[in-house]
>>> print(open('coords.txt').read())   # compact mmCIF, C-alpha atoms
# COMPACT_ATOMS: atom_id res chain seq x y z
CA MET A 1 -5.60 12.65 -28.96
CA LYS A 2 -3.90 10.14 -26.67
CA ILE A 3 -5.51 8.99 -23.44
CA MET A 4 -3.46 7.99 -20.40
CA ASN A 5 -3.76 4.25 -19.82
CA ASP A 6 -3.03 2.12 -16.76
CA SER A 7 0.56 1.52 -17.75
CA GLN A 8 1.27 5.21 -18.30
CA LEU A 9 -0.28 6.10 -14.97
CA LEU A 10 1.97 3.52 -13.26
CA ASP A 11 5.02 4.93 -15.01
CA ILE A 12 4.15 8.47 -13.93
CA ILE A 13 3.69 7.51 -10.29
CA THR A 14 6.93 5.49 -10.43
CA GLN A 15 8.89 8.48 -11.72
CA SER A 16 7.28 11.05 -9.45
CA THR A 17 7.69 8.91 -6.34
CA PHE A 18 11.40 8.41 -6.93
CA LYS A 19 11.97 12.00 -7.96
CA LYS A 20 10.18 13.31 -4.89
CA ASN A 21 11.62 10.90 -2.33
CA GLY A 22 14.96 9.63 -3.63
CA GLN A 23 16.98 12.06 -1.53
CA LEU A 24 14.86 11.46 1.60
CA TRP A 25 15.31 7.70 1.28
CA PHE A 26 19.03 8.07 0.73
CA ASN A 27 19.46 10.33 3.77
CA ASN A 28 17.38 7.98 5.93
CA ILE A 29 19.43 4.94 4.87
CA LEU A 30 22.70 6.66 5.69
CA GLU A 31 21.51 7.87 9.08
CA ASN A 32 19.91 4.57 10.08
CA GLU A 33 23.04 2.71 9.03
CA LYS A 34 25.24 5.02 11.09
CA ARG A 35 23.06 5.31 14.21
CA PHE A 36 21.41 1.91 14.50
CA GLY A 37 23.10 -0.51 12.08
CA PHE A 38 21.20 -3.02 10.00
CA ASN A 39 22.07 -6.00 12.19
CA ASN A 40 18.86 -8.01 12.27
CA THR A 41 16.87 -8.76 9.16
CA ILE A 42 13.55 -10.31 8.21
CA ARG A 43 15.45 -13.52 7.48
CA GLU A 44 15.30 -14.26 11.24
CA ILE A 45 11.51 -14.11 11.45
CA GLU A 46 9.51 -17.29 11.95
CA ILE A 47 5.78 -17.07 12.38
CA ASN A 48 4.05 -19.23 15.00
CA HIS A 49 0.90 -19.89 12.99
CA LEU A 50 0.74 -20.21 9.24
CA LYS A 51 -2.83 -18.93 9.20
CA SER A 52 -2.25 -15.20 8.93
CA ILE A 53 -4.10 -11.95 8.54
CA VAL A 54 -2.54 -8.97 6.81
CA LEU A 55 -4.17 -5.98 8.43
CA ALA A 56 -4.16 -2.63 6.67
CA ALA A 57 -5.80 0.65 7.57
CA GLY A 58 -8.48 0.89 4.90
CA PRO A 59 -11.02 3.60 5.74
CA GLU A 60 -14.10 1.39 5.60
CA SER A 61 -12.75 -1.54 7.59
CA LYS A 62 -11.84 0.80 10.47
CA LYS A 63 -15.56 1.22 11.05
CA ASN A 64 -16.17 -2.51 11.53
CA SER A 65 -15.38 -3.58 15.09
CA ASN A 66 -17.33 -6.85 14.80
CA ASP A 67 -14.47 -8.38 12.82
CA PHE A 68 -12.15 -7.72 15.75
CA LYS A 69 -14.42 -9.61 18.13
CA ILE A 70 -13.92 -12.68 15.92
CA ILE A 71 -10.19 -12.04 15.57
CA ASN A 72 -9.71 -11.67 19.32
CA LYS A 73 -11.66 -14.86 19.95
CA ASN A 74 -9.27 -16.74 17.64
CA ARG A 75 -6.19 -14.67 18.39
CA LYS A 76 -4.03 -17.55 19.64
CA ASP A 77 -4.44 -19.49 16.41
CA ILE A 78 -3.41 -16.84 13.92
CA THR A 79 -0.51 -14.58 13.04
CA ILE A 80 -1.34 -10.91 12.55
CA VAL A 81 0.90 -8.88 10.28
CA ALA A 82 -0.20 -5.27 10.69
CA CYS A 83 0.53 -2.17 8.66
CA ASP A 84 1.69 0.74 10.83
CA GLY A 85 -1.41 2.76 9.95
CA ALA A 86 -3.60 0.08 11.54
CA LEU A 87 -2.02 0.48 14.99
CA SER A 88 -4.66 2.85 16.34
CA THR A 89 -7.48 0.54 15.22
CA LEU A 90 -5.69 -2.44 16.78
CA SER A 91 -5.18 -0.49 19.97
CA LYS A 92 -8.85 0.48 20.18
CA ASN A 93 -9.77 -3.18 19.79
CA ASN A 94 -7.21 -4.48 22.31
CA CYS A 95 -5.50 -6.57 19.69
CA VAL A 96 -1.68 -6.75 19.70
CA PRO A 97 -0.21 -7.87 16.36
CA ASP A 98 2.68 -10.33 16.01
CA ILE A 99 4.42 -8.21 13.41
CA ILE A 100 4.16 -4.54 12.45
CA VAL A 101 5.42 -3.31 9.09
CA SER A 102 6.69 0.19 8.25
CA VAL A 103 8.17 1.05 4.88
CA ASP A 104 7.22 4.71 4.43
CA GLY A 105 10.19 7.11 4.67
CA ALA A 106 8.17 10.05 5.97
CA LYS A 107 8.81 11.42 9.48
CA ILE A 108 5.11 11.42 10.33
CA ILE A 109 5.11 7.61 10.49
CA ALA A 110 6.82 7.90 13.88
CA ASP A 111 3.52 9.22 15.27
CA PHE A 112 1.82 5.86 14.69
CA TYR A 113 4.34 4.32 17.10
CA LYS A 114 4.38 7.22 19.51
CA ASN A 115 0.60 6.99 19.86
CA SER A 116 0.53 3.19 20.27
CA LYS A 117 3.54 2.50 22.49
CA GLU A 118 1.67 -0.17 24.41
CA MET A 119 1.70 -2.38 21.30
CA LEU A 120 5.47 -2.45 20.92
CA ASP A 121 7.07 -4.27 23.84
CA GLY A 122 8.41 -7.56 22.46
CA THR A 123 6.59 -7.15 19.15
CA THR A 124 8.51 -7.70 15.92
CA VAL A 125 8.66 -4.58 13.76
CA ILE A 126 9.82 -4.80 10.17
CA LEU A 127 11.42 -1.57 9.01
CA ALA A 128 12.60 -0.60 5.55
CA THR A 129 16.18 0.69 5.56
CA SER A 130 14.76 3.93 4.12
CA ILE A 131 12.43 4.48 7.09
CA HIS A 132 12.74 7.78 8.95
CA PRO A 133 15.16 7.54 11.94
CA ASP A 134 12.43 8.88 14.27
CA VAL A 135 10.48 5.68 13.60
CA VAL A 136 13.46 3.57 14.64
CA GLU A 137 13.84 5.61 17.82
CA GLN A 138 10.19 5.09 18.74
CA CYS A 139 10.49 1.34 18.15
CA ILE A 140 13.61 1.09 20.31
CA GLU A 141 11.99 3.13 23.09
CA GLY A 142 8.92 0.90 22.98
CA GLY A 143 10.95 -2.31 23.24
CA ALA A 144 10.17 -3.65 19.78
CA LYS A 145 12.34 -6.23 18.01
CA ILE A 146 13.50 -4.54 14.81
CA LYS A 147 14.07 -6.56 11.64
CA TRP A 148 15.32 -4.79 8.53
CA VAL A 149 14.27 -5.16 4.92
CA GLN A 150 15.01 -3.00 1.88
CA SER A 151 12.98 -1.92 -1.10
CA PHE A 152 16.01 -1.65 -3.37
CA PHE A 153 17.53 -4.45 -5.43
CA ASP A 154 21.10 -4.96 -6.54
CA CYS A 155 20.96 -3.00 -9.81
CA ASP A 156 22.67 0.02 -11.38
CA LEU A 157 19.61 2.23 -10.89
CA HIS A 158 19.61 1.84 -7.09
CA LYS A 159 23.31 1.30 -6.48
CA GLY A 160 23.66 3.89 -3.69
CA TYR A 161 20.50 2.72 -1.95
CA PHE A 162 21.17 -1.01 -1.96
CA ARG A 163 22.84 -2.72 1.04
CA LYS A 164 24.31 -6.21 0.77
CA GLY A 165 23.03 -8.85 3.20
CA ILE A 166 19.58 -7.33 3.73
CA PRO A 167 16.69 -9.04 1.92
CA SER A 168 14.95 -6.92 -0.73
CA ILE A 169 11.23 -6.94 -1.37
CA LYS A 170 9.09 -5.08 -3.85
CA MET A 171 6.95 -2.60 -1.94
CA GLY A 172 4.35 -1.65 -4.53
CA GLY A 173 4.22 1.90 -3.19
CA ASN A 174 2.23 1.14 -0.09
CA VAL A 175 2.61 -0.73 3.16
CA GLY A 176 -0.39 -3.00 2.51
CA THR A 177 1.16 -4.51 -0.59
CA ALA A 178 4.57 -4.76 1.10
CA SER A 179 3.02 -6.54 4.10
CA TYR A 180 1.20 -8.98 1.86
CA LEU A 181 4.36 -9.86 -0.08
CA LEU A 182 6.32 -10.34 3.15
CA THR A 183 3.58 -12.60 4.54
CA SER A 184 3.17 -14.67 1.41
CA ILE A 185 6.68 -14.88 -0.05
CA VAL A 186 8.95 -14.57 3.00
CA PHE A 187 6.87 -16.07 5.85
CA LYS A 188 5.09 -18.50 3.50
CA ALA A 189 1.85 -18.09 5.41
CA ASN A 190 -1.16 -20.19 4.44
CA PRO A 191 -3.99 -19.31 4.34
CA ILE A 192 -3.70 -15.53 4.18
CA GLY A 193 -6.57 -13.15 4.86
CA LEU A 194 -6.37 -9.58 3.62
CA MET A 195 -8.18 -7.05 5.79
CA GLY A 196 -8.51 -3.36 5.09
CA ILE A 197 -6.65 -3.32 1.77
CA GLU A 198 -9.17 -1.13 0.00
CA PHE A 199 -7.29 1.47 -2.09
CA ALA A 200 -10.38 3.67 -2.10
CA TRP A 201 -12.98 5.56 -0.15
CA SER A 202 -16.75 5.20 -0.11
CA ASP A 203 -18.27 7.51 -2.72
CA GLU A 204 -20.04 9.28 0.14
CA THR A 205 -16.65 10.58 1.28
CA PRO A 206 -16.08 14.26 0.41
CA TYR A 207 -13.16 14.52 -1.99
CA HIS A 208 -11.37 16.95 0.29
CA ASN A 209 -11.21 14.22 2.97
CA THR A 210 -9.10 11.95 0.78
CA GLN A 211 -5.34 11.68 1.13
CA TYR A 212 -4.04 13.30 -2.06
CA TYR A 213 -6.74 15.92 -2.51
CA ASP A 214 -4.56 18.87 -1.52
CA LYS A 215 -1.72 17.80 -3.78
CA LEU A 216 -4.09 17.39 -6.71
CA LEU A 217 -5.66 20.75 -5.96
CA ASN A 218 -2.25 22.40 -6.11
CA LEU A 219 -1.30 20.84 -9.40
CA LEU A 220 -4.66 21.56 -11.01
CA ASP A 221 -4.77 25.32 -10.59
CA LYS A 222 -6.73 25.14 -7.29
CA ASP A 223 -9.81 24.16 -9.28
CA PRO A 224 -11.93 21.65 -7.25
CA ASP A 225 -13.95 20.65 -10.30
CA ARG A 226 -10.82 19.62 -12.15
CA VAL A 227 -9.63 17.67 -9.10
CA LYS A 228 -12.91 15.76 -9.00
CA ASP A 229 -12.39 14.80 -12.63
CA HIS A 230 -9.27 12.86 -11.71
CA PHE A 231 -10.93 10.60 -9.19
CA VAL A 232 -11.67 7.11 -10.48
CA HIS A 233 -15.06 5.64 -9.62
CA VAL A 234 -15.26 1.86 -9.38
CA LYS A 235 -18.36 -0.20 -8.78
CA ASN A 236 -17.65 -3.00 -6.29
CA SER A 237 -19.35 -6.25 -7.27
CA ARG A 238 -19.07 -7.64 -3.71
CA ASP A 239 -21.24 -5.06 -1.98
CA GLY A 240 -22.78 -3.22 -4.93
CA LYS A 241 -21.40 0.12 -3.74
CA THR A 242 -19.25 2.59 -5.64
CA TYR A 243 -15.84 3.60 -4.36
CA VAL A 244 -13.59 6.48 -5.35
CA ALA A 245 -9.82 6.44 -5.71
CA ASP A 246 -7.47 9.30 -6.50
CA PRO A 247 -4.82 8.61 -9.18
CA VAL A 248 -2.22 7.62 -6.59
CA TYR A 249 -4.42 5.14 -4.75
CA TYR A 250 -5.60 3.82 -8.08
CA ALA A 251 -1.97 3.34 -9.10
CA TYR A 252 -1.37 1.39 -5.87
CA PHE A 253 -4.21 -0.91 -6.85
CA LEU A 254 -2.83 -1.29 -10.38
CA MET A 255 0.61 -2.08 -8.99
CA LEU A 256 -0.77 -4.84 -6.77
CA LYS A 257 -2.72 -6.11 -9.75
CA GLU A 258 0.52 -6.24 -11.76
CA ILE A 259 2.35 -8.00 -8.90
CA TRP A 260 -0.55 -10.43 -8.42
CA GLU A 261 -0.12 -11.69 -11.99
CA GLU A 262 3.51 -12.56 -11.17
CA LEU A 263 2.71 -14.49 -7.98
CA PRO A 264 2.77 -18.29 -7.96
CA LEU A 265 -0.69 -19.84 -8.34
CA GLU A 266 -0.31 -21.51 -4.94
CA ILE A 267 -0.04 -18.14 -3.17
CA LYS A 268 -3.03 -16.77 -5.06
CA LYS A 269 -5.10 -19.82 -4.09
CA ASN A 270 -4.18 -19.35 -0.44
CA THR A 271 -5.11 -15.66 -0.36
CA HIS A 272 -8.58 -14.44 0.61
CA ASN A 273 -9.99 -10.95 0.73
CA LEU A 274 -11.78 -10.51 4.05
CA THR A 275 -12.92 -6.96 3.33
CA LYS A 276 -15.90 -6.28 1.13
CA ALA A 277 -15.26 -2.57 0.79
CA GLY A 278 -12.91 -0.93 -1.69
CA ILE A 279 -11.63 -1.61 -5.18
CA LEU A 280 -9.39 -4.63 -4.58
CA ASP A 281 -10.60 -6.93 -7.32
CA LEU A 282 -8.09 -9.40 -8.73
CA ASN A 283 -8.37 -12.48 -10.92
CA GLU A 284 -8.84 -15.56 -8.75
CA LEU A 285 -8.84 -13.59 -5.48
CA ARG A 286 -11.65 -15.06 -3.45
CA SER A 287 -13.72 -12.99 -1.07
CA ILE A 288 -14.89 -14.56 2.21
CA ASN A 289 -15.86 -13.18 5.59
CA ILE A 290 -13.68 -13.32 8.68
CA GLN A 291 -15.71 -16.11 10.31
CA GLU A 292 -15.34 -18.31 7.22
CA PHE A 293 -11.61 -17.62 7.24
CA MET A 294 -11.30 -18.66 10.88
CA GLU A 295 -13.12 -21.90 10.17
CA MET A 296 -10.72 -22.86 7.37
CA MET B 1 3.09 13.47 -26.68
CA GLU B 2 -0.44 14.61 -25.95
CA ILE B 3 -2.07 13.27 -22.84
CA ASN B 4 -5.65 13.93 -21.92
CA VAL B 5 -7.13 12.51 -18.78
CA ARG B 6 -9.94 15.00 -18.29
CA HIS B 7 -13.28 13.39 -18.50
CA HIS B 8 -16.84 13.56 -17.25
CA MET B 9 -17.72 12.49 -13.73
CA LYS B 10 -20.42 10.13 -14.91
CA ARG B 11 -17.81 7.54 -15.71
CA LYS B 12 -17.89 4.24 -13.90
CA LEU B 13 -14.66 2.38 -14.38
CA LEU B 14 -15.64 -1.25 -14.04
CA GLY B 15 -12.88 -3.80 -13.87
CA GLY B 16 -10.26 -1.15 -13.26
CA ASN B 17 -8.81 0.79 -16.12
CA TYR B 18 -7.67 4.35 -16.22
CA ASN B 19 -8.02 4.34 -19.99
CA LEU B 20 -11.29 6.10 -20.57
CA LYS B 21 -11.61 4.74 -24.08
CA LYS B 22 -12.40 1.36 -22.57
CA ASP B 23 -15.18 2.69 -20.39
CA PRO B 24 -18.59 2.56 -22.06
CA GLU B 25 -20.17 5.02 -19.63
CA CYS B 26 -17.47 7.58 -19.95
CA GLU B 27 -17.85 10.82 -21.85
CA LEU B 28 -14.69 12.26 -23.30
CA PRO B 29 -14.26 16.02 -23.38
CA THR B 30 -13.71 17.88 -26.61
CA LYS B 31 -11.02 20.09 -25.15
CA THR B 32 -7.49 18.69 -24.97
CA LYS B 33 -4.67 20.09 -22.91
CA THR B 34 -1.24 18.89 -23.90
CA ASN B 35 0.79 17.17 -21.21
CA GLU B 36 -0.96 19.22 -18.56
CA PHE B 37 -1.67 16.55 -16.00
CA GLU B 38 1.38 14.45 -16.70
CA SER B 39 3.95 17.17 -16.21
CA ALA B 40 2.29 18.47 -13.06
CA ALA B 41 1.88 14.97 -11.68
CA LEU B 42 5.53 14.18 -12.25
CA GLU B 43 6.43 17.02 -9.94
CA ASN B 44 3.81 16.56 -7.28
CA LEU B 45 2.32 13.10 -6.98
CA GLY B 46 3.61 9.91 -5.45
CA GLY B 47 3.83 8.71 -1.87
CA SER B 48 7.00 8.10 0.12
CA ILE B 49 7.27 4.33 -0.34
CA ALA B 50 9.28 2.82 -3.19
CA PHE B 51 7.13 2.22 -6.23
CA VAL B 52 9.05 0.36 -8.90
CA ARG B 53 7.69 -1.62 -11.82
CA GLY B 54 9.23 -4.83 -13.14
CA GLY B 55 12.15 -6.75 -11.67
CA ASN B 56 12.04 -9.29 -8.88
CA LEU B 57 9.50 -9.54 -6.11
CA TYR B 58 12.04 -10.76 -3.55
CA GLU B 59 15.78 -11.33 -3.21
CA ASP B 60 17.39 -12.83 -0.12
CA ASN B 61 20.76 -11.10 -0.81
CA GLU B 62 22.54 -13.49 1.56
>>> encode(input="coords.txt", output="structure tokens")
Amino acid sequence: MKIMNDSQLLDIITQSTFKKNGQLWFNNILENEKRFGFNNTIREIEINHLKSIVLAAGPESKKNSNDFKIINKNRKDITIVACDGALSTLSKNNCVPDIIVSVDGAKIIADFYKNSKEMLDGTTVILATSIHPDVVEQCIEGGAKIKWVQSFFDCDLHKGYFRKGIPSIKMGGNVGTASYLLTSIVFKANPIGLMGIEFAWSDETPYHNTQYYDKLLNLLDKDPDRVKDHFVHVKNSRDGKTYVADPVYYAYFLMLKEIWEELPLEIKKNTHNLTKAGILDLNELRSINIQEFMEM
Amino acid sequence: MEINVRHHMKRKLLGGNYNLKKDPECELPTKTKTNEFESAALENLGGSIAFVRGGNLYEDNE
């Protein structure tokens, strides 16, 4: 009997993601190229403050508005790089980010922008070339400054997807990882605080409220018990609580873990996890609270 | 290739590893289903953001 290990799980998610989305990405690239052009890229971005927070939309951190009181108090001294999914939380807390990142090719991503138009005027938005054209439209309507990036590198495998002249960055399958790599490698921010990168839900969360539950249910003969068996439970040493991740979210965590091992030591030293919740646990990643980060 | 990822819910995967053999609290089932999860997952899982292993982290492409 052979058991699936981390590496096999990563390979499966890699294959399934490309198989499921390759055509969508390709269509999006062609349409974006034709309608909007890829004129401005992330190469033009300069951040005003090296001290930066990468803000993702982790389910637990959304519940903590106290952190935003501290962020807003120190807003002028930091750069905020926000994942698109965090826009509603930012909006609720009257906090406009410096940069918003969108790399997901699905049409539904346009809703994040549609529902948070007030955050866009003059704000820099980083879009993957494979983003859905509706997202680009929303950004243009809102007055955002679009800067392009691509998730494909100059190689035989991605020949049709790659565009010369546009910087490529590894995305890691999720916008949180992509935002962190942009902030650390491209903008060279220092120090960097990670907020809301959790890759999991509290174990009090009903399984059916998690993102991939319905997909898992479909592929496992509509048997809820079998779906439950595929959720990974991880005990968090920072808060003593247990968190659950479906195989996809767990693969996102594993991918960041794999990327983390490739990062220069200097970047790792400058990175701090500001969120206690979740399963983000990496060698040498220090955990501090938002106040401690602001005092650095 | 036989893949079996079914397991008991009592597991607590500390330190992050999907390989149940490494988990001391995990109970492995006696029943094995060949390729069941893998083949289904290949068709149905995955998000809509590029997820590629290996290679470079960044290229300027100037």
>>> residues_around(input="coords.txt", residues="A:Ile279", least_positions_apart="4", cutoff="10 Å", atoms="all atoms listed in the file", output="PyMOL selection string")
(chain A and resi 197-202+233-238+242-245+249-250+253) or (chain B and resi 14-16)
>>> residues_around(input="coords.txt", residues="stretch 30-33 of chain A", least_positions_apart="2", cutoff="10 Å", atoms="all atoms listed in the file", output="list of chain:residue names")
A:Trp25, A:Phe26, A:Asn27, A:Asn28, A:Arg35, A:Phe36, A:Gly37, A:Phe38, A:Asn39, A:Thr129, A:Ser130, A:Ile131, A:His132, A:Pro133, A:Asp134, A:Val136, A:Glu137, A:Gly160, A:Tyr161, A:Arg163
>>> closest_atom_pairs(input="coords.txt", of="chain A", to="chain B", cutoff="7 Å", atoms="all atoms listed in the file", output="JSON lines")
{"residue": "A:Met1", "atom": "CA", "partner": "B:Glu2", "partner_atom": "CA", "distance": 6.3}
{"residue": "A:Lys2", "atom": "CA", "partner": "B:Ile3", "partner_atom": "CA", "distance": 5.3}
{"residue": "A:Ile3", "atom": "CA", "partner": "B:Asn4", "partner_atom": "CA", "distance": 5.2}
{"residue": "A:Met4", "atom": "CA", "partner": "B:Asn19", "partner_atom": "CA", "distance": 5.9}
{"residue": "A:Asn5", "atom": "CA", "partner": "B:Asn19", "partner_atom": "CA", "distance": 4.3}
{"residue": "A:Asp6", "atom": "CA", "partner": "B:Tyr18", "partner_atom": "CA", "distance": 5.2}
{"residue": "A:Ile12", "atom": "CA", "partner": "B:Leu42", "partner_atom": "CA", "distance": 6.1}
{"residue": "A:Ile13", "atom": "CA", "partner": "B:Gly46", "partner_atom": "CA", "distance": 5.4}
{"residue": "A:Thr14", "atom": "CA", "partner": "B:Phe51", "partner_atom": "CA", "distance": 5.3}
{"residue": "A:Gln15", "atom": "CA", "partner": "B:Leu42", "partner_atom": "CA", "distance": 6.6}
{"residue": "A:Ser16", "atom": "CA", "partner": "B:Leu42", "partner_atom": "CA", "distance": 4.5}
{"residue": "A:Thr17", "atom": "CA", "partner": "B:Gly46", "partner_atom": "CA", "distance": 4.3}
{"residue": "A:Asn21", "atom": "CA", "partner": "B:Ser48", "partner_atom": "CA", "distance": 5.9}
{"residue": "A:Val103", "atom": "CA", "partner": "B:Ile49", "partner_atom": "CA", "distance": 6.2}
{"residue": "A:Asp104", "atom": "CA", "partner": "B:Ile49", "partner_atom": "CA", "distance": 4.8}
{"residue": "A:Gly105", "atom": "CA", "partner": "B:Ser48", "partner_atom": "CA", "distance": 5.6}
{"residue": "A:Ala106", "atom": "CA", "partner": "B:Ser48", "partner_atom": "CA", "distance": 6.3}
{"residue": "A:Ser151", "atom": "CA", "partner": "B:Ala50", "partner_atom": "CA", "distance": 6.4}
{"residue": "A:Lys164", "atom": "CA", "partner": "B:Asn61", "partner_atom": "CA", "distance": 6.2}
{"residue": "A:Gly165", "atom": "CA", "partner": "B:Glu62", "partner_atom": "CA", "distance": 4.9}
{"residue": "A:Ile166", "atom": "CA", "partner": "B:Asn61", "partner_atom": "CA", "distance": 6.0}
{"residue": "A:Pro167", "atom": "CA", "partner": "B:Asp60", "partner_atom": "CA", "distance": 4.4}
{"residue": "A:Ser168", "atom": "CA", "partner": "B:Glu59", "partner_atom": "CA", "distance": 5.1}
{"residue": "A:Ile169", "atom": "CA", "partner": "B:Tyr58", "partner_atom": "CA", "distance": 4.5}
{"residue": "A:Lys170", "atom": "CA", "partner": "B:Leu57", "partner_atom": "CA", "distance": 5.0}
{"residue": "A:Met171", "atom": "CA", "partner": "B:Ala50", "partner_atom": "CA", "distance": 6.0}
{"residue": "A:Gly172", "atom": "CA", "partner": "B:Phe51", "partner_atom": "CA", "distance": 5.1}
{"residue": "A:Gly173", "atom": "CA", "partner": "B:Phe51", "partner_atom": "CA", "distance": 4.2}
{"residue": "A:Asn174", "atom": "CA", "partner": "B:Ile49", "partner_atom": "CA", "distance": 6.0}
{"residue": "A:Lys215", "atom": "CA", "partner": "B:Asn44", "partner_atom": "CA", "distance": 6.7}
{"residue": "A:Leu219", "atom": "CA", "partner": "B:Ala40", "partner_atom": "CA", "distance": 5.6}
{"residue": "A:Asp229", "atom": "CA", "partner": "B:Met9", "partner_atom": "CA", "distance": 5.9}
{"residue": "A:His230", "atom": "CA", "partner": "B:Arg6", "partner_atom": "CA", "distance": 7.0}
{"residue": "A:Val232", "atom": "CA", "partner": "B:Leu13", "partner_atom": "CA", "distance": 6.8}
{"residue": "A:His233", "atom": "CA", "partner": "B:Lys12", "partner_atom": "CA", "distance": 5.3}
{"residue": "A:Val234", "atom": "CA", "partner": "B:Leu13", "partner_atom": "CA", "distance": 5.1}
{"residue": "A:Lys235", "atom": "CA", "partner": "B:Leu14", "partner_atom": "CA", "distance": 6.0}
{"residue": "A:Val248", "atom": "CA", "partner": "B:Gly46", "partner_atom": "CA", "distance": 6.4}
>>> residues_around(input="coords.txt", residues="stretch 109-125 of chain A", least_positions_apart="4", cutoff="9 Å", atoms="all atoms listed in the file", output="JSON, numbers by chain")
{"A": [45, 84, 85, 86, 87, 88, 90, 91, 95, 96, 97, 98, 99, 100, 101, 102, 104, 105, 131, 132, 133, 134, 135, 136, 137, 138, 139, 140, 141, 142, 143, 144, 145, 146, 147, 148]}
>>> atom_distance(input="coords.txt", atom1="atom CA of A:Asn190", atom2="atom CA of A:Asn270")
5.8 Å
>>> atom_distance(input="coords.txt", atom1="atom CA of A:Val54", atom2="atom CA of A:Leu194")
5.0 Å
>>> atom_distance(input="coords.txt", atom1="atom CA of A:Lys69", atom2="atom CA of A:Leu282")
27.6 Å
>>> build_atoms(input="coords.txt", residues="stretch 45-61 of chain B", atoms="N, CA and C atoms", output="mmCIF file, in the coordinates of the input")
data_model
loop_
_atom_site.group_PDB
_atom_site.id
_atom_site.type_symbol
_atom_site.label_atom_id
_atom_site.label_comp_id
_atom_site.auth_asym_id
_atom_site.auth_seq_id
_atom_site.Cartn_x
_atom_site.Cartn_y
_atom_site.Cartn_z
ATOM 1 N N LEU B 45 2.995 14.289 -7.520
ATOM 2 C CA LEU B 45 2.320 13.100 -6.980
ATOM 3 C C LEU B 45 3.314 12.077 -6.445
ATOM 4 N N GLY B 46 2.772 10.993 -5.969
ATOM 5 C CA GLY B 46 3.610 9.910 -5.450
ATOM 6 C C GLY B 46 3.696 9.965 -3.943
ATOM 7 N N GLY B 47 3.712 8.790 -3.320
ATOM 8 C CA GLY B 47 3.830 8.710 -1.870
ATOM 9 C C GLY B 47 5.295 8.669 -1.479
ATOM 10 N N SER B 48 5.589 8.150 -0.295
ATOM 11 C CA SER B 48 7.000 8.100 0.120
ATOM 12 C C SER B 48 7.468 6.662 0.350
ATOM 13 N N ILE B 49 6.861 5.738 -0.377
ATOM 14 C CA ILE B 49 7.270 4.330 -0.340
ATOM 15 C C ILE B 49 7.683 3.943 -1.760
ATOM 16 N N ALA B 50 8.770 3.186 -1.860
ATOM 17 C CA ALA B 50 9.280 2.820 -3.190
ATOM 18 C C ALA B 50 8.197 2.198 -4.058
ATOM 19 N N PHE B 51 8.152 2.637 -5.274
ATOM 20 C CA PHE B 51 7.130 2.220 -6.230
ATOM 21 C C PHE B 51 7.868 1.952 -7.541
ATOM 22 N N VAL B 52 8.222 0.702 -7.745
ATOM 23 C CA VAL B 52 9.050 0.360 -8.900
ATOM 24 C C VAL B 52 8.398 -0.762 -9.687
ATOM 25 N N ARG B 53 8.297 -0.586 -10.978
ATOM 26 C CA ARG B 53 7.690 -1.620 -11.820
ATOM 27 C C ARG B 53 8.758 -2.616 -12.279
ATOM 28 N N GLY B 54 8.319 -3.818 -12.582
ATOM 29 C CA GLY B 54 9.230 -4.830 -13.140
ATOM 30 C C GLY B 54 10.210 -5.348 -12.118
ATOM 31 N N GLY B 55 11.124 -6.191 -12.567
ATOM 32 C CA GLY B 55 12.150 -6.750 -11.670
ATOM 33 C C GLY B 55 11.598 -7.820 -10.765
ATOM 34 N N ASN B 56 12.417 -8.190 -9.780
ATOM 35 C CA ASN B 56 12.040 -9.290 -8.880
ATOM 36 C C ASN B 56 11.082 -8.844 -7.795
ATOM 37 N N LEU B 57 10.367 -9.829 -7.254
ATOM 38 C CA LEU B 57 9.500 -9.540 -6.110
ATOM 39 C C LEU B 57 10.296 -9.623 -4.813
ATOM 40 N N TYR B 58 11.275 -10.548 -4.781
ATOM 41 C CA TYR B 58 12.040 -10.760 -3.550
ATOM 42 C C TYR B 58 13.450 -11.271 -3.864
ATOM 43 N N GLU B 59 14.415 -10.807 -3.116
ATOM 44 C CA GLU B 59 15.780 -11.330 -3.210
ATOM 45 C C GLU B 59 16.329 -11.464 -1.797
ATOM 46 N N ASP B 60 16.877 -12.618 -1.474
ATOM 47 C CA ASP B 60 17.390 -12.830 -0.120
ATOM 48 C C ASP B 60 18.686 -12.046 0.131
ATOM 49 N N ASN B 61 19.493 -11.875 -0.892
ATOM 50 C CA ASN B 61 20.760 -11.100 -0.810
ATOM 51 C C ASN B 61 21.747 -11.638 0.231
#
